[in-house]
file run29.pdb (PDB, C-alpha atoms)
ATOM      1  CA  MET T 188      41.446  -2.012 -46.574  1.00  0.00           C
ATOM      2  CA  LYS T 189      38.328  -0.386 -45.237  1.00  0.00           C
ATOM      3  CA  LEU T 190      36.233  -2.459 -42.849  1.00  0.00           C
ATOM      4  CA  LEU T 191      33.428  -4.049 -44.870  1.00  0.00           C
ATOM      5  CA  ALA T 192      29.893  -3.941 -43.533  1.00  0.00           C
ATOM      6  CA  SER T 193      30.697  -3.468 -39.879  1.00  0.00           C
ATOM      7  CA  VAL T 194      27.437  -4.988 -38.774  1.00  0.00           C
ATOM      8  CA  ILE T 195      25.511  -7.339 -41.044  1.00  0.00           C
ATOM      9  CA  CYS T 196      22.419  -9.168 -39.860  1.00  0.00           C
ATOM     10  CA  ALA T 197      23.090 -12.899 -39.999  1.00  0.00           C
ATOM     11  CA  SER T 198      19.517 -13.638 -41.062  1.00  0.00           C
ATOM     12  CA  PHE T 199      19.955 -11.268 -44.035  1.00  0.00           C
ATOM     13  CA  LEU T 200      23.071 -13.135 -45.091  1.00  0.00           C
ATOM     14  CA  LEU T 201      21.229 -16.421 -45.061  1.00  0.00           C
ATOM     15  CA  ALA T 202      18.242 -14.980 -46.924  1.00  0.00           C
ATOM     16  CA  SER T 203      20.504 -13.564 -49.599  1.00  0.00           C
ATOM     17  CA  GLY T 204      22.389 -16.813 -50.001  1.00  0.00           C
ATOM     18  CA  GLY T 205      25.479 -15.702 -48.109  1.00  0.00           C
ATOM     19  CA  VAL T 206      28.659 -14.018 -49.232  1.00  0.00           C
ATOM     20  CA  ALA T 207      31.595 -15.699 -50.983  1.00  0.00           C
ATOM     21  CA  TRP T 208      33.926 -14.958 -48.130  1.00  0.00           C
ATOM     22  CA  GLY T 209      37.480 -16.161 -48.492  1.00  0.00           C
ATOM     23  CA  LYS T 210      37.650 -15.904 -52.303  1.00  0.00           C
ATOM     24  CA  ASP T 211      38.485 -12.199 -52.117  1.00  0.00           C
ATOM     25  CA  LYS T 212      40.359 -12.467 -48.824  1.00  0.00           C
ATOM     26  CA  THR T 213      37.350 -11.294 -46.851  1.00  0.00           C
ATOM     27  CA  ILE T 214      36.797 -13.063 -43.537  1.00  0.00           C
ATOM     28  CA  GLY T 215      33.281 -13.440 -42.169  1.00  0.00           C
ATOM     29  CA  ILE T 216      33.154 -13.429 -38.373  1.00  0.00           C
ATOM     30  CA  ALA T 217      30.233 -13.805 -35.973  1.00  0.00           C
ATOM     31  CA  VAL T 218      30.484 -11.637 -32.856  1.00  0.00           C
ATOM     32  CA  SER T 219      28.275 -11.606 -29.768  1.00  0.00           C
ATOM     33  CA  SER T 220      26.759  -8.156 -29.240  1.00  0.00           C
ATOM     34  CA  ASN T 221      28.774  -7.416 -26.104  1.00  0.00           C
ATOM     35  CA  ALA T 222      32.052  -7.759 -28.018  1.00  0.00           C
ATOM     36  CA  LEU T 223      31.033  -5.859 -31.156  1.00  0.00           C
ATOM     37  CA  GLU T 224      32.892  -2.604 -30.490  1.00  0.00           C
ATOM     38  CA  PRO T 225      36.230  -4.191 -29.508  1.00  0.00           C
ATOM     39  CA  ALA T 226      35.855  -6.600 -32.434  1.00  0.00           C
ATOM     40  CA  LYS T 227      35.549  -3.633 -34.792  1.00  0.00           C
ATOM     41  CA  GLU T 228      38.740  -2.076 -33.437  1.00  0.00           C
ATOM     42  CA  ILE T 229      40.664  -5.348 -33.550  1.00  0.00           C
ATOM     43  CA  SER T 230      39.449  -6.008 -37.098  1.00  0.00           C
ATOM     44  CA  LEU T 231      40.740  -2.634 -38.245  1.00  0.00           C
ATOM     45  CA  LEU T 232      44.131  -3.345 -36.683  1.00  0.00           C
ATOM     46  CA  PHE T 233      44.281  -6.692 -38.473  1.00  0.00           C
ATOM     47  CA  GLU T 234      43.210  -5.170 -41.777  1.00  0.00           C
ATOM     48  CA  LYS T 235      45.957  -2.569 -41.615  1.00  0.00           C
ATOM     49  CA  SER T 236      48.639  -5.168 -40.993  1.00  0.00           C
ATOM     50  CA  SER T 237      47.376  -7.876 -43.359  1.00  0.00           C
ATOM     51  CA  GLY T 238      45.380  -6.258 -46.147  1.00  0.00           C
ATOM     52  CA  VAL T 239      42.573  -8.718 -45.428  1.00  0.00           C
ATOM     53  CA  SER T 240      39.021  -7.403 -44.965  1.00  0.00           C
ATOM     54  CA  ILE T 241      36.737  -8.411 -42.118  1.00  0.00           C
ATOM     55  CA  SER T 242      32.951  -8.648 -42.407  1.00  0.00           C
ATOM     56  CA  ILE T 243      31.237  -8.677 -38.992  1.00  0.00           C
ATOM     57  CA  SER T 244      27.812 -10.087 -38.151  1.00  0.00           C
ATOM     58  CA  SER T 245      26.573  -9.396 -34.618  1.00  0.00           C
ATOM     59  CA  GLY T 246      23.769 -10.691 -32.413  1.00  0.00           C
ATOM     60  CA  SER T 247      23.106 -12.853 -29.381  1.00  0.00           C
ATOM     61  CA  SER T 248      25.425 -15.835 -29.042  1.00  0.00           C
ATOM     62  CA  GLY T 249      22.533 -18.274 -29.167  1.00  0.00           C
ATOM     63  CA  LYS T 250      21.205 -16.883 -32.433  1.00  0.00           C
ATOM     64  CA  LEU T 251      24.639 -16.773 -34.032  1.00  0.00           C
ATOM     65  CA  TYR T 252      25.212 -20.360 -32.915  1.00  0.00           C
ATOM     66  CA  ALA T 253      21.961 -21.357 -34.609  1.00  0.00           C
ATOM     67  CA  GLN T 254      22.998 -19.561 -37.807  1.00  0.00           C
ATOM     68  CA  ILE T 255      26.340 -21.372 -37.829  1.00  0.00           C
ATOM     69  CA  ARG T 256      24.597 -24.735 -37.457  1.00  0.00           C
ATOM     70  CA  GLN T 257      22.346 -23.781 -40.364  1.00  0.00           C
ATOM     71  CA  GLY T 258      25.353 -23.143 -42.590  1.00  0.00           C
ATOM     72  CA  ALA T 259      26.045 -19.420 -42.286  1.00  0.00           C
ATOM     73  CA  PRO T 260      29.502 -18.860 -43.845  1.00  0.00           C
ATOM     74  CA  PHE T 261      31.290 -17.579 -40.751  1.00  0.00           C
ATOM     75  CA  GLN T 262      34.896 -18.540 -40.153  1.00  0.00           C
ATOM     76  CA  VAL T 263      35.478 -17.176 -36.638  1.00  0.00           C
ATOM     77  CA  PHE T 264      32.976 -16.960 -33.777  1.00  0.00           C
ATOM     78  CA  LEU T 265      33.450 -14.652 -30.775  1.00  0.00           C
ATOM     79  CA  ALA T 266      30.859 -15.977 -28.347  1.00  0.00           C
ATOM     80  CA  ALA T 267      29.733 -14.443 -25.065  1.00  0.00           C
ATOM     81  CA  ASP T 268      30.633 -17.582 -23.133  1.00  0.00           C
ATOM     82  CA  ASP T 269      32.158 -21.015 -23.693  1.00  0.00           C
ATOM     83  CA  THR T 270      28.859 -22.903 -23.940  1.00  0.00           C
ATOM     84  CA  TYR T 271      28.188 -22.383 -27.626  1.00  0.00           C
ATOM     85  CA  THR T 272      31.752 -22.980 -28.778  1.00  0.00           C
ATOM     86  CA  ALA T 273      31.796 -26.236 -26.804  1.00  0.00           C
ATOM     87  CA  MET T 274      28.546 -27.291 -28.463  1.00  0.00           C
ATOM     88  CA  LEU T 275      29.925 -26.486 -31.890  1.00  0.00           C
ATOM     89  CA  GLU T 276      33.033 -28.518 -31.149  1.00  0.00           C
ATOM     90  CA  THR T 277      30.901 -31.481 -30.072  1.00  0.00           C
ATOM     91  CA  GLU T 278      28.976 -31.132 -33.321  1.00  0.00           C
ATOM     92  CA  GLY T 279      32.194 -31.229 -35.347  1.00  0.00           C
ATOM     93  CA  LEU T 280      32.046 -27.614 -36.513  1.00  0.00           C
ATOM     94  CA  ILE T 281      35.162 -26.298 -34.734  1.00  0.00           C
ATOM     95  CA  ALA T 282      38.669 -26.776 -36.103  1.00  0.00           C
ATOM     96  CA  ALA T 283      41.261 -28.753 -34.163  1.00  0.00           C
ATOM     97  CA  ASP T 284      42.654 -26.593 -31.344  1.00  0.00           C
ATOM     98  CA  GLY T 285      40.178 -23.949 -32.483  1.00  0.00           C
ATOM     99  CA  ARG T 286      38.976 -22.605 -29.128  1.00  0.00           C
ATOM    100  CA  PHE T 287      40.465 -20.130 -26.674  1.00  0.00           C
ATOM    101  CA  LYS T 288      39.156 -17.920 -23.898  1.00  0.00           C
ATOM    102  CA  TYR T 289      39.608 -14.303 -24.941  1.00  0.00           C
ATOM    103  CA  ALA T 290      37.915 -12.434 -22.100  1.00  0.00           C
ATOM    104  CA  LYS T 291      35.936 -12.487 -18.888  1.00  0.00           C
ATOM    105  CA  GLY T 292      33.017 -10.066 -18.898  1.00  0.00           C
ATOM    106  CA  LYS T 293      31.419  -7.894 -16.225  1.00  0.00           C
ATOM    107  CA  LEU T 294      27.733  -7.190 -15.697  1.00  0.00           C
ATOM    108  CA  VAL T 295      26.545  -3.657 -14.863  1.00  0.00           C
ATOM    109  CA  ILE T 296      23.337  -1.756 -14.202  1.00  0.00           C
ATOM    110  CA  TRP T 297      23.103   1.280 -16.489  1.00  0.00           C
ATOM    111  CA  ARG T 298      20.761   4.241 -16.772  1.00  0.00           C
ATOM    112  CA  LYS T 299      20.719   7.193 -19.098  1.00  0.00           C
ATOM    113  CA  THR T 300      20.645  10.005 -16.523  1.00  0.00           C
ATOM    114  CA  GLN T 301      22.103  10.362 -13.060  1.00  0.00           C
ATOM    115  CA  ASN T 302      19.885  10.918 -10.036  1.00  0.00           C
ATOM    116  CA  LYS T 303      21.681  12.132  -6.937  1.00  0.00           C
ATOM    117  CA  HIS T 304      18.608  11.334  -4.844  1.00  0.00           C
ATOM    118  CA  ALA T 305      18.615   7.712  -5.932  1.00  0.00           C
ATOM    119  CA  PRO T 306      22.212   6.694  -6.610  1.00  0.00           C
ATOM    120  CA  LEU T 307      23.055   3.377  -8.185  1.00  0.00           C
ATOM    121  CA  LYS T 308      24.584   1.291  -5.411  1.00  0.00           C
ATOM    122  CA  ASP T 309      23.443  -2.293  -5.700  1.00  0.00           C
ATOM    123  CA  LEU T 310      20.653  -4.413  -7.137  1.00  0.00           C
ATOM    124  CA  SER T 311      18.212  -3.359  -4.399  1.00  0.00           C
ATOM    125  CA  PHE T 312      17.904  -0.117  -6.364  1.00  0.00           C
ATOM    126  CA  LEU T 313      15.765  -2.001  -8.868  1.00  0.00           C
ATOM    127  CA  LYS T 314      12.985  -2.325  -6.278  1.00  0.00           C
ATOM    128  CA  ASP T 315      12.510   1.450  -6.173  1.00  0.00           C
ATOM    129  CA  PRO T 316       8.982   2.427  -7.296  1.00  0.00           C
ATOM    130  CA  SER T 317      10.476   4.871  -9.784  1.00  0.00           C
ATOM    131  CA  ILE T 318      11.914   1.922 -11.715  1.00  0.00           C
ATOM    132  CA  LYS T 319       9.111   0.611 -13.904  1.00  0.00           C
ATOM    133  CA  ARG T 320      11.037  -1.357 -16.523  1.00  0.00           C
ATOM    134  CA  VAL T 321      14.355  -3.191 -16.320  1.00  0.00           C
ATOM    135  CA  ALA T 322      15.827  -4.268 -19.667  1.00  0.00           C
ATOM    136  CA  ILE T 323      17.940  -7.409 -20.005  1.00  0.00           C
ATOM    137  CA  ALA T 324      18.935  -9.612 -22.917  1.00  0.00           C
ATOM    138  CA  ASN T 325      16.891 -12.727 -23.592  1.00  0.00           C
ATOM    139  CA  PRO T 326      18.267 -15.291 -21.116  1.00  0.00           C
ATOM    140  CA  ASP T 327      17.427 -18.122 -23.522  1.00  0.00           C
ATOM    141  CA  THR T 328      19.982 -16.955 -26.092  1.00  0.00           C
ATOM    142  CA  ALA T 329      22.231 -14.400 -24.335  1.00  0.00           C
ATOM    143  CA  PRO T 330      24.660 -15.370 -21.545  1.00  0.00           C
ATOM    144  CA  TYR T 331      24.512 -11.870 -20.042  1.00  0.00           C
ATOM    145  CA  GLY T 332      20.730 -12.178 -19.830  1.00  0.00           C
ATOM    146  CA  ARG T 333      21.152 -15.413 -17.893  1.00  0.00           C
ATOM    147  CA  ALA T 334      23.700 -13.705 -15.657  1.00  0.00           C
ATOM    148  CA  ALA T 335      21.250 -10.878 -14.940  1.00  0.00           C
ATOM    149  CA  ILE T 336      18.549 -13.336 -13.859  1.00  0.00           C
ATOM    150  CA  GLU T 337      21.067 -15.234 -11.752  1.00  0.00           C
ATOM    151  CA  ALA T 338      22.238 -12.034 -10.036  1.00  0.00           C
ATOM    152  CA  MET T 339      18.705 -10.942  -9.240  1.00  0.00           C
ATOM    153  CA  LYS T 340      17.909 -14.338  -7.742  1.00  0.00           C
ATOM    154  CA  LYS T 341      21.157 -14.442  -5.758  1.00  0.00           C
ATOM    155  CA  SER T 342      20.459 -10.990  -4.305  1.00  0.00           C
ATOM    156  CA  GLY T 343      16.940 -12.045  -3.330  1.00  0.00           C
ATOM    157  CA  ILE T 344      15.040  -9.454  -5.374  1.00  0.00           C
ATOM    158  CA  PHE T 345      13.936 -11.472  -8.394  1.00  0.00           C
ATOM    159  CA  ASP T 346      10.404 -12.262  -7.212  1.00  0.00           C
ATOM    160  CA  GLU T 347       9.799  -8.585  -6.405  1.00  0.00           C
ATOM    161  CA  ILE T 348      10.968  -7.204  -9.737  1.00  0.00           C
ATOM    162  CA  LYS T 349      10.340  -9.954 -12.292  1.00  0.00           C
ATOM    163  CA  GLY T 350       7.227  -8.117 -13.434  1.00  0.00           C
ATOM    164  CA  LYS T 351       9.409  -5.156 -14.441  1.00  0.00           C
ATOM    165  CA  LEU T 352      11.609  -7.116 -16.816  1.00  0.00           C
ATOM    166  CA  VAL T 353      11.625  -6.424 -20.543  1.00  0.00           C
ATOM    167  CA  TYR T 354      13.714  -8.542 -22.861  1.00  0.00           C
ATOM    168  CA  GLY T 355      15.890  -7.584 -25.801  1.00  0.00           C
ATOM    169  CA  GLU T 356      17.062 -10.041 -28.411  1.00  0.00           C
ATOM    170  CA  SER T 357      20.645  -9.123 -27.505  1.00  0.00           C
ATOM    171  CA  VAL T 358      22.518  -6.975 -24.985  1.00  0.00           C
ATOM    172  CA  ALA T 359      22.686  -4.261 -27.634  1.00  0.00           C
ATOM    173  CA  GLN T 360      18.902  -4.140 -27.856  1.00  0.00           C
ATOM    174  CA  ALA T 361      18.520  -4.267 -24.069  1.00  0.00           C
ATOM    175  CA  PHE T 362      20.861  -1.301 -23.792  1.00  0.00           C
ATOM    176  CA  GLY T 363      18.906   0.449 -26.530  1.00  0.00           C
ATOM    177  CA  PHE T 364      15.681   0.123 -24.549  1.00  0.00           C
ATOM    178  CA  ALA T 365      17.187   2.084 -21.667  1.00  0.00           C
ATOM    179  CA  ALA T 366      19.033   4.517 -23.935  1.00  0.00           C
ATOM    180  CA  THR T 367      15.791   5.484 -25.692  1.00  0.00           C
ATOM    181  CA  GLY T 368      13.669   5.677 -22.550  1.00  0.00           C
ATOM    182  CA  ASN T 369      11.721   2.494 -23.227  1.00  0.00           C
ATOM    183  CA  ALA T 370      13.188   1.106 -20.008  1.00  0.00           C
ATOM    184  CA  ASP T 371      14.398   2.905 -16.894  1.00  0.00           C
ATOM    185  CA  VAL T 372      17.589   0.862 -16.549  1.00  0.00           C
ATOM    186  CA  SER T 373      19.338  -2.000 -18.276  1.00  0.00           C
ATOM    187  CA  MET T 374      21.553  -4.804 -17.028  1.00  0.00           C
ATOM    188  CA  VAL T 375      24.215  -5.236 -19.686  1.00  0.00           C
ATOM    189  CA  PRO T 376      27.954  -5.917 -20.084  1.00  0.00           C
ATOM    190  CA  LEU T 377      30.421  -3.243 -19.056  1.00  0.00           C
ATOM    191  CA  SER T 378      31.787  -3.302 -22.602  1.00  0.00           C
ATOM    192  CA  VAL T 379      28.441  -2.086 -23.992  1.00  0.00           C
ATOM    193  CA  VAL T 380      28.384   1.077 -21.858  1.00  0.00           C
ATOM    194  CA  TYR T 381      32.005   1.997 -22.574  1.00  0.00           C
ATOM    195  CA  ARG T 382      32.194   5.639 -23.739  1.00  0.00           C
ATOM    196  CA  LYS T 383      28.420   5.989 -23.366  1.00  0.00           C
ATOM    197  CA  HIS T 384      26.875   8.880 -21.472  1.00  0.00           C
ATOM    198  CA  GLY T 385      24.929   7.910 -18.382  1.00  0.00           C
ATOM    199  CA  GLU T 386      25.629   6.156 -15.106  1.00  0.00           C
ATOM    200  CA  TYR T 387      26.452   2.569 -14.270  1.00  0.00           C
ATOM    201  CA  SER T 388      27.207   0.356 -11.296  1.00  0.00           C
ATOM    202  CA  VAL T 389      29.132  -2.916 -11.542  1.00  0.00           C
ATOM    203  CA  VAL T 390      27.184  -5.925 -10.255  1.00  0.00           C
ATOM    204  CA  ARG T 391      29.016  -8.000  -7.652  1.00  0.00           C
ATOM    205  CA  ASP T 392      30.777 -10.798  -9.495  1.00  0.00           C
ATOM    206  CA  ASP T 393      29.848 -13.335  -6.813  1.00  0.00           C
ATOM    207  CA  TYR T 394      26.183 -12.840  -7.748  1.00  0.00           C
ATOM    208  CA  TYR T 395      26.515 -14.685 -11.057  1.00  0.00           C
ATOM    209  CA  SER T 396      28.605 -17.418 -12.627  1.00  0.00           C
ATOM    210  CA  PRO T 397      31.765 -16.163 -14.372  1.00  0.00           C
ATOM    211  CA  ILE T 398      31.105 -15.155 -17.965  1.00  0.00           C
ATOM    212  CA  VAL T 399      34.158 -16.601 -19.677  1.00  0.00           C
ATOM    213  CA  GLN T 400      34.008 -15.589 -23.316  1.00  0.00           C
ATOM    214  CA  GLU T 401      35.468 -17.873 -25.913  1.00  0.00           C
ATOM    215  CA  ALA T 402      36.490 -17.576 -29.545  1.00  0.00           C
ATOM    216  CA  GLY T 403      36.082 -20.438 -31.955  1.00  0.00           C
ATOM    217  CA  LEU T 404      37.781 -21.118 -35.287  1.00  0.00           C
ATOM    218  CA  LEU T 405      35.263 -22.844 -37.493  1.00  0.00           C
ATOM    219  CA  LYS T 406      36.116 -25.903 -39.501  1.00  0.00           C
ATOM    220  CA  ASN T 407      37.363 -25.273 -43.054  1.00  0.00           C
ATOM    221  CA  ALA T 408      38.349 -21.699 -42.160  1.00  0.00           C
ATOM    222  CA  SER T 409      40.668 -20.004 -44.635  1.00  0.00           C
ATOM    223  CA  ARG T 410      44.335 -19.310 -43.992  1.00  0.00           C
ATOM    224  CA  GLU T 411      43.461 -15.647 -43.481  1.00  0.00           C
ATOM    225  CA  ALA T 412      40.815 -16.558 -40.932  1.00  0.00           C
ATOM    226  CA  LYS T 413      43.332 -18.682 -39.032  1.00  0.00           C
ATOM    227  CA  GLU T 414      45.702 -15.718 -38.987  1.00  0.00           C
ATOM    228  CA  PHE T 415      42.951 -13.482 -37.619  1.00  0.00           C
ATOM    229  CA  PHE T 416      42.124 -16.097 -34.971  1.00  0.00           C
ATOM    230  CA  GLU T 417      45.759 -16.017 -33.842  1.00  0.00           C
ATOM    231  CA  PHE T 418      45.746 -12.219 -33.950  1.00  0.00           C
ATOM    232  CA  LEU T 419      42.953 -12.254 -31.353  1.00  0.00           C
ATOM    233  CA  LYS T 420      45.564 -13.604 -28.924  1.00  0.00           C
ATOM    234  CA  SER T 421      48.042 -10.808 -29.643  1.00  0.00           C
ATOM    235  CA  LYS T 422      49.095  -7.999 -27.345  1.00  0.00           C
ATOM    236  CA  GLU T 423      47.312  -5.485 -29.579  1.00  0.00           C
ATOM    237  CA  ALA T 424      44.010  -7.352 -29.344  1.00  0.00           C
ATOM    238  CA  THR T 425      44.456  -7.948 -25.624  1.00  0.00           C
ATOM    239  CA  GLU T 426      44.827  -4.221 -25.007  1.00  0.00           C
ATOM    240  CA  VAL T 427      41.629  -3.488 -26.901  1.00  0.00           C
ATOM    241  CA  PHE T 428      39.662  -6.009 -24.847  1.00  0.00           C
ATOM    242  CA  ARG T 429      41.159  -4.611 -21.650  1.00  0.00           C
ATOM    243  CA  LYS T 430      40.114  -1.082 -22.640  1.00  0.00           C
ATOM    244  CA  TYR T 431      36.494  -2.200 -22.812  1.00  0.00           C
ATOM    245  CA  GLY T 432      36.585  -3.595 -19.281  1.00  0.00           C
ATOM    246  CA  TYR T 433      37.268  -7.259 -19.952  1.00  0.00           C
ATOM    247  CA  THR T 434      39.575  -9.276 -17.702  1.00  0.00           C
ATOM    248  CA  LYS T 435      41.178 -12.702 -17.403  1.00  0.00           C
ATOM    249  CA  GLY T 436      41.151 -13.660 -21.039  1.00  0.00           C
ATOM    250  CA  GLN T 437      44.136 -14.738 -23.129  1.00  0.00           C
ATOM    251  CA  GLY T 438      46.961 -12.702 -21.631  1.00  0.00           C
ATOM    252  CA  LEU T 439      44.646 -10.530 -19.533  1.00  0.00           C
ATOM    253  CA  SER T 440      45.407 -10.061 -15.859  1.00  0.00           C
ATOM    254  CA  PRO T 441      42.611  -9.932 -13.243  1.00  0.00           C
TER     255      PRO T 441
END

call {"tool": "encode", "arguments": {"input": "run29.pdb", "output": "C-alpha cells"}}
result
Amino acid sequence: MKLLASVICASFLLASGGVAWGKDKTIGIAVSSNALEPAKEISLLFEKSSGVSISISSGSSGKLYAQIRQGAPFQVFLAADDTYTAMLETEGLIAADGRFKYAKGKLVIWRKTQNKHAPLKDLSFLKDPSIKRVAIANPDTAPYGRAAIEAMKKSGIFDEIKGKLVYGESVAQAFGFAATGNADVSMVPLSVVYRKHGEYSVVRDDYYSPIVQEAGLLKNASREAKEFFEFLKSKEATEVFRKYGYTKGQGLSP
C-alpha cells in the first residue's frame, strides 16, 4: 500500500485528536529528523512485504518524546539517541524488551556551494570572517545540536563563534537554514546531507560523545507495529541505514 502521509506534524495530530492507527492496519511511528529519509525507505519496504501502511511523524527527538508523554498515538519511536527511549522506559511507556540500538550517527559541516579558496577541513573553518551564521539544531531537544556544541567546545572555538550560532527546531530545519542561504553553513547529521548538492566535511568523532540512536516499541503497540519493530533489525533495513552513512547499529559494522 502507498505510504500514508510521509511527514505529519505531531502537534497537528494532537490538535486534531489523533488518528485511529492500528484499526486499519496503519502504524504510527515517530522519527527523529535525522532518520526521516531512511525511515521512509524502510517503511516502503515493509509495506510491500506486509500490506501494512506506515504513517510517519518527524521532528526533534525531544519534541517527539514530549508528544509521546502527552499521549500521541505513536507505536514505534526512532530516536536520535538512547536518552529519550531510556526515559520512556523508566516512565513505563516502552514495551518489555522494546529497545534496540539501530544506528550510530555522524556529524558533518555542510554548505551549499564549494569554495576552493576556503575548503572545508575542520571546525576552525567556522572562525573565518566570511562565515556569519552557523546553523545547528536546538541542543535542548536535539542530540545532534548537543553534539555540535560539544564539538565546538572540544576544538576550542566555541567562545569565538557562539555569536554566529542560529538554532533550528530540528536538524532538518538547521539544514534548511543553510540550504536557503539563511545561514552560511550548518552542522547536521551525515544522513541529512545524503544525495544533497553542496559540500560537507565529517567532524572528528572524538570531538563529541557517540550518538547511539535507539528505537523504542511503545507499550500497547499493535501486532503489526511489533512486526515493523523487528523489521528494523533486518538485513534490508540495515542496508538502508548503512547507505545513509550510519554505522555500528544492529548488525552494522564500524

call {"tool": "resolve_selection", "arguments": {"input": "run29.pdb", "expression": "the PyMOL selection byres ((chain T and resi 312) around 12)", "output": "VMD selection string"}}
result
chain T and resid 296 to 298 302 304 to 311 313 to 319 321 339 342 344 347 to 348 371 to 372 387 to 388 390

call {"tool": "residues_around", "arguments": {"input": "run29.pdb", "residues": "range 210-221 of chain T", "least_positions_apart": "4", "cutoff": "6 Å", "atoms": "only C-alpha atoms", "output": "list of chain:residue names"}}
result
T:Val239, T:Ser240, T:Ile241, T:Ser242, T:Ile243, T:Ser244, T:Ser245, T:Gly246, T:Ser247, T:Ser248, T:Phe261, T:Gln262, T:Val263, T:Phe264, T:Leu265, T:Ala266, T:Ala267, T:Ala359, T:Val379, T:Ala412

call {"tool": "resolve_selection", "arguments": {"input": "run29.pdb", "expression": "the PyMOL selection byres ((chain T and resi 413) around 12)", "output": "MDAnalysis selection string"}}
result
chainID T and resid 209 212 214:216 239 262:264 281:286 402:412 414:420

call {"tool": "residues_near_point", "arguments": {"input": "run29.pdb", "point": "(20.0, -19.3, -26.9)", "cutoff": "9 Å", "atoms": "all atoms listed in the file", "output": "short mmCIF file (atom, residue, chain, number, x, y, z; two decimals) with C-alpha atoms, in the coordinates of the input"}}
result
data_model
loop_
_atom_site.label_atom_id
_atom_site.label_comp_id
_atom_site.auth_asym_id
_atom_site.auth_seq_id
_atom_site.Cartn_x
_atom_site.Cartn_y
_atom_site.Cartn_z
CA SER T 247 23.11 -12.85 -29.38
CA SER T 248 25.42 -15.84 -29.04
CA GLY T 249 22.53 -18.27 -29.17
CA LYS T 250 21.20 -16.88 -32.43
CA LEU T 251 24.64 -16.77 -34.03
CA TYR T 252 25.21 -20.36 -32.92
CA ALA T 253 21.96 -21.36 -34.61
CA TYR T 271 28.19 -22.38 -27.63
CA ASN T 325 16.89 -12.73 -23.59
CA PRO T 326 18.27 -15.29 -21.12
CA ASP T 327 17.43 -18.12 -23.52
CA THR T 328 19.98 -16.95 -26.09
CA ALA T 329 22.23 -14.40 -24.34
CA PRO T 330 24.66 -15.37 -21.54
#

call {"tool": "atom_distance", "arguments": {"input": "run29.pdb", "atom1": "CA of Thr300 in chain T", "atom2": "CA of Ile398 in chain T"}}
result
27.3 Å
